[in-house]
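Asker: Provided herewith is a single structure, encoded as structure tokens, for subsequent inquiry.
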Amino acid sequence: MGTLVSLISALASGEAMAALQRARITAILYGLAAIFALCGVGFLIGAAYIWLAARYGALATSLGFGIGFLVLAGLIIVIHKLTASARGKRRARRRQADMTAVGVTAALALLPALARSKGGLAAIAAPALAVVAYAIYRENTRPPPPRQGPDDLH
């Protein structure tokens with residue numbers, strides 16, 4: 001309830017609107033900076049092309065630039081594919097942590113209401129005992145490590 005009151009008061013005071021305005025201005029400025037940086041990089045690539053074309057010829061320079069940019073594109077895709085599984089695992093861990101936090105928060109929010117009800121202690125103790133029993137079960141039923149065969153002893 002306190003969070004809702006602070007959110008409403010922040011909206012009423014205009015603090016949220018001011019923060020939104022600051023974020024919008026910052027995004028616009030970063031966008032403009034990115035556009036100017038891309039223009040600068042384009043002119044540097046153009047200057048390198050002119051310099052290399054004068055030295056090696058237009059056809060050889062065009063082929064070199066084309067192959068170079070294709071290699072860069074390929075490297076970016078390969079690196080993205082190689083790191084995709086690590087990113088997926090990190091997202092899954094973060095999602096699991098978020099779900100755990102939501103579950104704990106919900107349980108803590110319901111705890112006073114359950115404690116005041118008629119079957120409150122039983123309603124709290126039964127799921128807690130089930131979770132403890134499941135944890136003990138999982139700890140004791142872990143699969144054994146794979147056995148090494150005669151070919152694996154190198």
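For the structure tokens, the naming scheme is as follows: chains receive sequential letters (A, B, ...) according to their order of presentation, residues are indexed from 1 within each chain, and ligands are indexed from 1 in presentation order.
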Which residues are close to stretch 60-65 of chain A, i.e. within 9 Å by only C-alpha atoms, leaving aside same-chain residues fewer than 5 positions away? Reply as a list in words.
Answerer: Tyr49, Ile50, Leu52, Ala53, Arg55 and Leu70 of chain A
